[in-house]
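Here's the structure, in structure tokens; my notes come after.
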Amino acid sequence: MNAEEKRLAEAREGRAAWKRFGPYVSERQWGVVREDYSETGDAWNAFPHDQARSRAYRHGEDGLAGISDDRLVLCFALALWNGRDPILKERLFGLANEEGNHGEDVKEYYYYQDSTPTHSYMRYLYKYPQAAFPYEDLIRTNAARSRVEPEYELVDTGVFHESRYFDVFVEYAKAAPDDILVRITVHNRGPEAARLHLLPTLWFRNTWSWPGGGAKPEIRAMDAQGRQAILARHADPEEAARLPGHVLLCDGGFELLFTENETNTERLFGQKNASPYVKDAFDAFLIHGRAEAVNPARTGTKACAHYDLTVAPGEAAVIRLRLCASYSRLDETPFGREFADIFDRRIREADAFYADVIPATASPDEARIMRQALAGMLWTKQFYSFDVDVWLRERGAHPLRGDTRHCRNREWFHMKNEHIISMPDKWEYPWYAAWDLAFHAIALSLADIDFAKEQLSLMLRADYLHPNGQLPAYEWNFSDVNPPVHAWAALFLYRTEQSATGRGDLAFLKRSFTKLLLNFTWWVNRKDRFGKNVFEGGFLGLDNIGVFDRSKGLPAGGCLEQADGTAWMALFCQNMIEMSLEMACDDPACEDLLHKFLEHFLWIASGMNRLGPEGMWDEEDGFYYDLLRLPDGSASRLKVRSMVGLLPLCAATILEKRQRDRVPDIMDALHARLGRMPELAHSLHPLGPGHHGVADRELLSLVDEGRLRRILSRMLDENEFLSPYGIRSMSRHHRDHPYSIHVHGQEHRVAYVPGDSDSGMFGGNSNWRGPVWMPVNQLIIRALLQYYRYYGEAFRIECPTGSGVMMNLFEVSREISGRLVRLFTRGEDGRRPIFGNSDLFQNDPHWRDHLLFHEFFHGDDGHGLGAAHQTGWTGLVAKLIQLYGNIDATQMLAADGGKVFVKRE
């Protein structure tokens with residue numbers, strides 16, 4: 001057990017609070033629903049970026065390279081000023097949803113470079129221009145561009161010309177859970193000496209200004225053995241017991257500044273301030289020369305050490321700090337040889353930890369990708385606080401009080417969320433999304449399976465899960481419907497731990513299963529409108545993939561029977577079947593639940609595979625489509641070849657012989673049912689004696705071998721779905737052959753778009769009209785491995801279609817995985833596809849190896865699009881590198897019960 005694994009064990013067992021402090025500060029707290037108390041519900045305009053420096057947040061905090069305790073009470077982050085900016089750089093800037101030609105978008109360059117699971121070592125890079133930050137240029141130029149034009153990025157403004165910028169590296173190393181060392185290294189990449197004001201800032205989240213907020217904490221100057229320091233302590237006894245007083249020690253020459261984390265109501269609202277010292281005091285002091293803005297008594301709830309640096313060209317300046325709760329540390333030399341030794345030791349320990357995670361077969365470039373992907377996963381944790389009951393009461397919209405005002409999330413008043421949660425992107429999406437989180441857990445399991453399991457369990461808690469069984473989607477509308485992938489992710493984590501330790505966490509599986517029963521019932525009762533075992537669900541995460549907005553009323557009052565919604569439910573059934581089989585070993589009562597879900601699977605398969613014009617399967621095209629059903633009873637297929645029609649492939653699960661042998665009566669009943677009702681088995685993969693595959697396996701699948709081959713022939717066609725960088729979300733066929741339908745004289749049309757959306761249907765940068773998305777590719781790869789474990793070498797298919805190259809399905813899965821990994825790797829020409837045509841990103845040694853993990857990727861050339869730091873699900877690339885570095889085809893065929901994520905000896 002290496003040093004980091006020991007820390008994880010100590011944290012798990014409650015022996016040491018190694019996770020007490022971490023990167024739990026958001027990258028953006030302005031423009032979020034939690035801070036919106038407006039009449040219009042327009043969160044972006046209710047709390048814009050311009051107000052963020054002056055207005056105290058209620059539910060969170062944001063900052064550069066920030067850390068906090070696990071309740072976001074005490075926060076630490078950087079502030080910077082280059083002497084030219086109109087405002088102090090305390091947080092990341094980006095465009096609000098309506099400002100960008102492709103929706104909201106951060107306009108900064110920052111990188112999560114490294115982190116261990118306990119955050120014993122972390123490294124962050126921020127690139128800060130030496131010229132004035134071009135706020136107005138970014139807003140004005142993006143506003144003038146159309147949807148078909150690219151976004152105007154910070155690099156396009158010219159502020160990085162001649163490398164006139166600072167690389168600001170921020171590193172954290174924990175000497176102990178309550179002793180955090182901070183090292184800030186500022187490199188001047190430009191040709192001339194440049195001045196930088198550096199303000200490491202410590203502050204308390206404002207919890208005292210609101211009703212019931214409690215006592216106000218204090219930050220003040222103190223003398224620590226002749227050294228200036230900052231003391232932060234809470235006045236509330238309960239809070240002080242949980243989080244004792246901390247001292248921020250600072251090295252070198254600096255000036256201490258103090259103010260309050262209070263709203264500047266005079267600037268924002270023209271009202272007199274409650275205190276002369278307000279949140280934006282350091283901005284006023286430094287940029288506007290207002291000495292009276294800071295508290296001369298050197299006390300408050302926000303403080304900083306102001307360093308005034310001049311850095312020579314090509315040189316670096318280093319600032320050292322220490323945030324410590326152990327007062328005994330004040331008697332020692334806090335920045336002596338031990339300081340550097342601790343950093344060196346933590347870096348070596350991080351290297352040792354990842355040496356056990358990253359497969360030995362990975363190339364140095366793949367190892368870099370994997371480590372930065374996991375660093376992004378671990379940095380993108382955030383303390384998320386949202387008490388919807390209080391929020392609704394204060395907005396006058398609470399249904400239990402008889403309030404008549406309607407607003408979003410009115411039916412979710414039971415929710416009180418106060419936890420560390422993995423975010424999709426702490427700037428673009430600084431709120432959880434249930435289905436994103438399921439994919440996050442898969443990648444997080446590589447580094448910290450305890451945290452991964454906690455994340456899945458959170459969404460199933462009573463203060464998250466709706467009493468009716470619905471999982472919350474995301475804060476803009478908790479009632480939106482996300483694909484039901486939680487069961488798949490929970491089972492995946494169970495199998496992963498089982499493979500690694502020889503024993504799965506059955507208690508975790510049982511807890512998950514119990515709550516997922518409620519969620520499954522909600523789907524059956526709410527989303528199968530006519531009881532035909534076919535499901536709706538709305539956009540289901542696939543925002544712009546169809547001709548209609550699937551979350552709104554359809555033309556002429558019709559309804560949509562969704563191929564993807566029905567496929568998701570088939571996979572949900574299969575996951576519950578596997579869980580039931582596993583639990584039946586320990587509790588025979590689970591056999592009844594197994595029977596229930598086997599029956600459900602048969603009904604859903606039958607509903608999806610109905611014969612004739614009212615079925616989702618199109619025999620002529622060899623593909624699944626959504627079915628538009630009109631009020632007069634007529635129905636027609638919406639023949640858009642998209643991910644909607646590929647998802648039925650993903651409902652594929654192996655039943656091992658040993659699993660079936662545990663429940664012979666159930667299996668006999670299943671086969672008897674099919675014997676009595678052969679209609680249920682139409683196009684379903686054959687079950688029962690005579691239809692067993694490799695190692696006597698049975699296969700639960702929506703498609704038989706014939707349909708599987710027909711769908712794969714399209715999926716593996718480079719003129720359709722198979723991109724050089726993975727599986728596209730829409731067939732390239734629709735580039736030259738757009739699909740259109742006329743309803744009541746109005747044309748609805750959809751075409752393949754490889755990059756950012758050209759449709760405003762969902763607003764923002766929502767786009768499923770062609771780009772490559774990592775999570776659905778992961779599900780396709782998982783399904784191909786399931787099919788391979790059943791068919792083995794007997795099933796071979798042309799890949800790519802028309803190439804003459806025949807592959808088994810393991811080889812096909814590896815081919816798709818390799819294309820996804822190639823998004824990030826440097827090719828023979830030295831260029832990474834994710835960086836597109838940018839010479840700076842491709843060639844500059846200070847940029848080329850700092851990776852971004854975008855939300856999605858151009859379907860033809862692979863360059864990164866959408867949220868630039870959505871490591872949340874794009875971090876799955878780390879899982880692909882790990883999987884194919886550790887598993888070969890022989891091991892895959894021999895794997896039992898899905899336990900395939902094992903290391904080679």
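Ordering of the structure tokens sets the chain letters (A, B, ...), residue numbers begin anew at 1 in every chain, and ligands are numbered from 1 in the order given.
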Residues within 8 Å of Leu74 of chain A, please, as a PDB file with C-alpha atoms, in the first residue's frame. Count only C-alpha atoms; anything in the same chain fewer than 6 positions from it doesn't count.
```
ATOM      1  CA  SER A  68     -11.848  25.402   1.236  1.00  0.00           C
ATOM      2  CA  LEU A 202      -8.369  34.118   2.885  1.00  0.00           C
ATOM      3  CA  TRP A 203     -12.042  34.695   3.643  1.00  0.00           C
ATOM      4  CA  PHE A 204     -15.158  33.319   5.289  1.00  0.00           C
ATOM      5  CA  ARG A 205     -18.230  32.548   3.202  1.00  0.00           C
TER       6      ARG A 205
END
```
Report the closest atom pair, with its distance in Å rounded to one decimal, for each residue of segment 183-272 of chain A that has an atom no farther than 9 Å from segment 301-320 of chain A; count only C-alpha atoms, sort by chain and then rising residue number, and write it as a tab-separated table.
```
residue	atom	partner	partner_atom	distance
A:Arg183	CA	A:Arg320	CA	4.8
A:Ile184	CA	A:Ile319	CA	5.1
A:Thr185	CA	A:Val318	CA	4.5
A:Val186	CA	A:Ala317	CA	5.2
A:His187	CA	A:Ala316	CA	4.2
A:Asn188	CA	A:Gly314	CA	5.4
A:Arg189	CA	A:Gly314	CA	5.5
A:Gly190	CA	A:Pro313	CA	5.6
A:Pro191	CA	A:Pro313	CA	5.3
A:Glu192	CA	A:Pro313	CA	5.0
A:Ala193	CA	A:Ala312	CA	4.2
A:Ala194	CA	A:Val311	CA	5.5
A:Arg195	CA	A:Thr310	CA	4.3
A:Leu196	CA	A:Leu309	CA	5.2
A:His197	CA	A:Asp308	CA	4.7
A:Leu198	CA	A:Tyr307	CA	5.0
A:Leu199	CA	A:His306	CA	4.7
A:Pro200	CA	A:Cys304	CA	5.5
A:Thr201	CA	A:Cys304	CA	4.2
A:Leu202	CA	A:Ala303	CA	5.4
A:Trp203	CA	A:Lys302	CA	4.1
A:Phe204	CA	A:Thr301	CA	5.7
A:Arg205	CA	A:Thr301	CA	8.4
A:Asn206	CA	A:Thr301	CA	8.4
A:Lys216	CA	A:Thr301	CA	8.3
A:Pro217	CA	A:Thr301	CA	6.7
A:Glu218	CA	A:Thr301	CA	5.4
A:Ile219	CA	A:Thr301	CA	5.0
A:Arg220	CA	A:Ala303	CA	7.8
A:Ala221	CA	A:Ala303	CA	8.8
A:Ala229	CA	A:Ala305	CA	8.9
A:Ile230	CA	A:Ala303	CA	7.5
A:Ala232	CA	A:Thr301	CA	8.0
A:Leu249	CA	A:Arg320	CA	8.6
A:Cys250	CA	A:Arg320	CA	6.4
A:Asp251	CA	A:Arg320	CA	5.5
A:Gly252	CA	A:Ile319	CA	7.4
A:Gly253	CA	A:Tyr307	CA	6.8
A:Phe254	CA	A:Tyr307	CA	4.8
A:Glu255	CA	A:His306	CA	4.9
A:Leu256	CA	A:Ala305	CA	4.6
A:Leu257	CA	A:Cys304	CA	5.4
A:Phe258	CA	A:Ala303	CA	4.4
A:Thr259	CA	A:Lys302	CA	5.3
A:Glu260	CA	A:Thr301	CA	4.7
A:Asn261	CA	A:Thr301	CA	5.7
A:Glu262	CA	A:Thr301	CA	8.6
```
Restricting the output to N, CA and C atoms, write the selected residues as a tab-separated table (two decimals), in the first residue's frame.
```tsv
chain	number	residue	atom	x	y	z
A	183	ARG	N	2.52	26.89	-2.58
A	183	ARG	CA	3.66	27.44	-3.33
A	183	ARG	C	3.14	28.02	-4.64
A	184	ILE	N	3.35	29.30	-4.84
A	184	ILE	CA	2.89	30.00	-6.04
A	184	ILE	C	4.12	30.43	-6.84
A	185	THR	N	4.20	29.94	-8.06
A	185	THR	CA	5.36	30.24	-8.91
A	185	THR	C	4.87	31.02	-10.13
A	186	VAL	N	5.40	32.22	-10.29
A	186	VAL	CA	4.98	33.11	-11.38
A	186	VAL	C	6.11	33.20	-12.40
A	187	HIS	N	5.85	32.70	-13.60
A	187	HIS	CA	6.82	32.77	-14.70
A	187	HIS	C	6.42	33.91	-15.64
A	188	ASN	N	7.38	34.75	-15.96
A	188	ASN	CA	7.17	35.78	-16.98
A	188	ASN	C	7.61	35.19	-18.31
A	189	ARG	N	6.64	34.90	-19.18
A	189	ARG	CA	6.96	34.31	-20.48
A	189	ARG	C	7.30	35.36	-21.54
A	190	GLY	N	7.15	36.64	-21.19
A	190	GLY	CA	7.32	37.70	-22.17
A	190	GLY	C	8.76	38.15	-22.34
A	191	PRO	N	8.98	39.11	-23.27
A	191	PRO	CA	10.33	39.56	-23.59
A	191	PRO	C	10.85	40.69	-22.71
A	192	GLU	N	10.00	41.22	-21.83
A	192	GLU	CA	10.40	42.34	-20.99
A	192	GLU	C	9.99	42.08	-19.54
A	193	ALA	N	10.67	42.77	-18.62
A	193	ALA	CA	10.27	42.68	-17.22
A	193	ALA	C	8.82	43.14	-17.08
A	194	ALA	N	8.10	42.50	-16.19
A	194	ALA	CA	6.67	42.82	-16.02
A	194	ALA	C	6.31	42.80	-14.54
A	195	ARG	N	5.38	43.67	-14.19
A	195	ARG	CA	4.95	43.82	-12.80
A	195	ARG	C	3.65	43.04	-12.57
A	196	LEU	N	3.55	42.43	-11.42
A	196	LEU	CA	2.34	41.68	-11.06
A	196	LEU	C	2.05	41.88	-9.58
A	197	HIS	N	0.83	42.24	-9.29
A	197	HIS	CA	0.34	42.27	-7.90
A	197	HIS	C	-0.33	40.93	-7.63
A	198	LEU	N	0.17	40.25	-6.61
A	198	LEU	CA	-0.32	38.91	-6.26
A	198	LEU	C	-0.95	38.99	-4.87
A	199	LEU	N	-2.22	38.57	-4.78
A	199	LEU	CA	-2.95	38.69	-3.52
A	199	LEU	C	-3.54	37.34	-3.10
A	200	PRO	N	-2.78	36.50	-2.42
A	200	PRO	CA	-3.37	35.29	-1.84
A	200	PRO	C	-4.40	35.72	-0.78
A	201	THR	N	-5.61	35.23	-0.91
A	201	THR	CA	-6.74	35.77	-0.13
A	201	THR	C	-7.40	34.68	0.71
A	202	LEU	N	-7.68	35.02	1.95
A	202	LEU	CA	-8.37	34.12	2.88
A	202	LEU	C	-9.65	34.81	3.31
A	203	TRP	N	-10.77	34.07	3.27
A	203	TRP	CA	-12.04	34.69	3.64
A	203	TRP	C	-13.04	33.65	4.13
A	204	PHE	N	-14.03	34.14	4.85
A	204	PHE	CA	-15.16	33.32	5.29
A	204	PHE	C	-16.33	33.53	4.33
A	205	ARG	N	-16.96	32.43	3.93
A	205	ARG	CA	-18.23	32.55	3.20
A	205	ARG	C	-19.22	33.28	4.10
A	206	ASN	N	-19.98	34.15	3.51
A	206	ASN	CA	-20.92	34.95	4.30
A	206	ASN	C	-22.13	34.09	4.65
A	216	LYS	N	-21.06	35.84	13.45
A	216	LYS	CA	-20.11	36.28	12.43
A	216	LYS	C	-18.70	35.88	12.86
A	217	PRO	N	-17.93	35.25	11.96
A	217	PRO	CA	-16.55	34.88	12.30
A	217	PRO	C	-15.63	36.10	12.22
A	218	GLU	N	-14.33	35.86	12.45
A	218	GLU	CA	-13.38	36.97	12.47
A	218	GLU	C	-12.08	36.55	11.79
A	219	ILE	N	-11.55	37.47	11.02
A	219	ILE	CA	-10.19	37.35	10.49
A	219	ILE	C	-9.44	38.59	10.94
A	220	ARG	N	-8.25	38.41	11.52
A	220	ARG	CA	-7.49	39.56	12.01
A	220	ARG	C	-6.00	39.31	11.86
A	221	ALA	N	-5.25	40.39	11.95
A	221	ALA	CA	-3.80	40.28	11.91
A	221	ALA	C	-3.29	39.76	13.25
A	229	ALA	N	1.02	37.56	10.33
A	229	ALA	CA	0.19	36.43	9.92
A	229	ALA	C	-1.27	36.83	9.99
A	230	ILE	N	-2.12	35.96	9.46
A	230	ILE	CA	-3.57	36.19	9.46
A	230	ILE	C	-4.23	35.07	10.25
A	232	ALA	N	-7.78	33.30	11.35
A	232	ALA	CA	-9.19	33.16	10.99
A	232	ALA	C	-9.84	32.21	11.98
A	249	LEU	N	0.21	31.84	7.32
A	249	LEU	CA	1.56	32.38	7.41
A	249	LEU	C	2.05	32.72	6.02
A	250	CYS	N	2.72	33.85	5.87
A	250	CYS	CA	3.17	34.32	4.56
A	250	CYS	C	4.66	34.61	4.62
A	251	ASP	N	5.36	34.23	3.56
A	251	ASP	CA	6.79	34.41	3.48
A	251	ASP	C	7.13	35.61	2.61
A	252	GLY	N	8.27	36.24	2.87
A	252	GLY	CA	8.74	37.32	2.02
A	252	GLY	C	8.16	38.67	2.39
A	253	GLY	N	8.29	39.63	1.45
A	253	GLY	CA	7.79	40.98	1.68
A	253	GLY	C	6.38	41.16	1.17
A	254	PHE	N	5.50	41.63	2.03
A	254	PHE	CA	4.08	41.75	1.67
A	254	PHE	C	3.41	42.76	2.58
A	255	GLU	N	2.20	43.11	2.24
A	255	GLU	CA	1.37	44.01	3.02
A	255	GLU	C	0.05	43.31	3.29
A	256	LEU	N	-0.41	43.29	4.53
A	256	LEU	CA	-1.69	42.67	4.86
A	256	LEU	C	-2.82	43.67	4.70
A	257	LEU	N	-3.90	43.22	4.06
A	257	LEU	CA	-5.09	44.04	3.85
A	257	LEU	C	-6.30	43.31	4.40
A	258	PHE	N	-7.27	44.07	4.94
A	258	PHE	CA	-8.44	43.47	5.57
A	258	PHE	C	-9.71	44.21	5.16
A	259	THR	N	-10.80	43.43	5.02
A	259	THR	CA	-12.11	44.00	4.75
A	259	THR	C	-13.16	43.00	5.19
A	260	GLU	N	-14.41	43.26	4.82
A	260	GLU	CA	-15.51	42.35	5.13
A	260	GLU	C	-16.02	41.69	3.85
A	261	ASN	N	-16.46	40.46	3.96
A	261	ASN	CA	-17.11	39.79	2.83
A	261	ASN	C	-18.59	40.17	2.86
A	262	GLU	N	-18.84	41.45	2.60
A	262	GLU	CA	-20.18	42.02	2.64
A	262	GLU	C	-20.47	42.72	1.31
```
**Q.** Val148 of chain A surroundings by only C-alpha atoms, 9 Å radius, close-in-sequence under 4 positions cut, as an NGL selection string
**A.** :A and (101 or 756-758)
Q.
Based on the backbone DSSP call, show me all residues of segment 655-828 of chain A assigned strand (DSSP E), as a list in words.
A.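 Secondary structure check on segment 655-828 of chain A, strand (DSSP E): Leu655, Glu698, Leu699, Leu700, Ser701, Leu722, Ser723, Gly726, Ile727, Tyr739, Ser740, Ile741, His742, Val743, Gln746, Glu747, His748, Arg749, Val750, Arg796, Ile797, Glu798, Met806, Met807 and Asn808 of chain A.
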Q) Excluding same-chain residues fewer than 4 positions from Glu27 of chain A, what lies within 6 Å of it counting only C-alpha atoms, as a list in words? A)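 Contacts, in chain order: Asp62, Gly63, Lys426 and Trp427 of chain A.
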Q. In segment 505-565 of chain A, what's helix (DSSP H, G or I) per DSSP? Answer as a PyMOL selection string?
A. chain A and resi 506-526+555-557+563-565
Q.
Can you pull out the residues contacting Tyr111 of chain A? Cut-off 9 Å, using only C-alpha atoms, and skip same-chain residues under 6 positions away; I want them as a ChimeraX atom specification.
A. /A:123-127,372,376,850-852,869
Would you mind exporting N, CA and C atoms of the selected residues as a PDB file, in the first residue's frame?
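Once everything was written out, this is again_18.pdb:
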```pdb
ATOM      1  N   ARG A 123      -1.912  20.703  -8.184  1.00  0.00           N
ATOM      2  CA  ARG A 123      -1.207  21.690  -9.026  1.00  0.00           C
ATOM      3  C   ARG A 123      -2.186  22.251 -10.048  1.00  0.00           C
ATOM      4  N   TYR A 124      -2.165  23.574 -10.190  1.00  0.00           N
ATOM      5  CA  TYR A 124      -3.098  24.315 -11.041  1.00  0.00           C
ATOM      6  C   TYR A 124      -2.288  25.362 -11.804  1.00  0.00           C
ATOM      7  N   LEU A 125      -2.651  25.616 -13.050  1.00  0.00           N
ATOM      8  CA  LEU A 125      -1.984  26.628 -13.867  1.00  0.00           C
ATOM      9  C   LEU A 125      -3.006  27.623 -14.403  1.00  0.00           C
ATOM     10  N   TYR A 126      -2.713  28.906 -14.196  1.00  0.00           N
ATOM     11  CA  TYR A 126      -3.537  29.975 -14.773  1.00  0.00           C
ATOM     12  C   TYR A 126      -2.648  30.843 -15.641  1.00  0.00           C
ATOM     13  N   LYS A 127      -3.094  31.143 -16.868  1.00  0.00           N
ATOM     14  CA  LYS A 127      -2.345  31.979 -17.798  1.00  0.00           C
ATOM     15  C   LYS A 127      -2.963  33.382 -17.798  1.00  0.00           C
ATOM     16  N   GLN A 372      -3.737  13.863 -16.308  1.00  0.00           N
ATOM     17  CA  GLN A 372      -4.409  15.164 -16.326  1.00  0.00           C
ATOM     18  C   GLN A 372      -5.921  15.006 -16.344  1.00  0.00           C
ATOM     19  N   GLY A 376      -8.265  16.592 -13.456  1.00  0.00           N
ATOM     20  CA  GLY A 376      -9.464  17.389 -13.699  1.00  0.00           C
ATOM     21  C   GLY A 376     -10.662  16.852 -12.953  1.00  0.00           C
ATOM     22  N   HIS A 850      -0.414  21.034 -22.049  1.00  0.00           N
ATOM     23  CA  HIS A 850      -1.473  21.340 -21.082  1.00  0.00           C
ATOM     24  C   HIS A 850      -2.806  21.049 -21.766  1.00  0.00           C
ATOM     25  N   LEU A 851      -3.483  20.029 -21.297  1.00  0.00           N
ATOM     26  CA  LEU A 851      -4.641  19.499 -22.026  1.00  0.00           C
ATOM     27  C   LEU A 851      -5.951  20.053 -21.478  1.00  0.00           C
ATOM     28  N   LEU A 852      -6.900  20.193 -22.378  1.00  0.00           N
ATOM     29  CA  LEU A 852      -8.273  20.522 -22.018  1.00  0.00           C
ATOM     30  C   LEU A 852      -9.156  19.322 -22.352  1.00  0.00           C
ATOM     31  N   HIS A 869     -13.671  22.479 -19.812  1.00  0.00           N
ATOM     32  CA  HIS A 869     -13.159  21.747 -18.650  1.00  0.00           C
ATOM     33  C   HIS A 869     -14.158  20.704 -18.168  1.00  0.00           C
TER      34      HIS A 869
END
```
Q: Find, counting only C-alpha atoms, the residue in A:Gly565, A:Pro689, A:Gly213, A:Pro678 that gets nearest to Met608 of chain A.
A: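 Using only C-alpha atoms, Met608 of chain A sits closest to A:Gly565.
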Q | Pairwise distance for atom CA of Ile180 of chain A and atom CA of Cys324 of chain A, rounded to one decimal in Å | A |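 According to the coordinates, atom CA of Ile180 of chain A and atom CA of Cys324 of chain A are separated by 6.1 Å.
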Q: Check the smallest atom-to-atom distance from each of A:Asn82, A:Ser606, A:Asn417, A:Asn575 to Phe520 of chain A using only C-alpha atoms, then report the winner.
A: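 Checking each of A:Asn82, A:Ser606, A:Asn417, A:Asn575 against Phe520 of chain A, counting only C-alpha atoms, the winner is A:Asn575.
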(Q) List as a ChimeraX atom specification the protein and nucleic acid residues near Gln778 of chain A, meaning an atom at most 10 Å away when only C-alpha atoms are counted, but skip any in the same chain fewer than 5 places from it. (A) /A:439,650,726-727,773,783-784,813,816-817,820,873-874,876-877,879-880
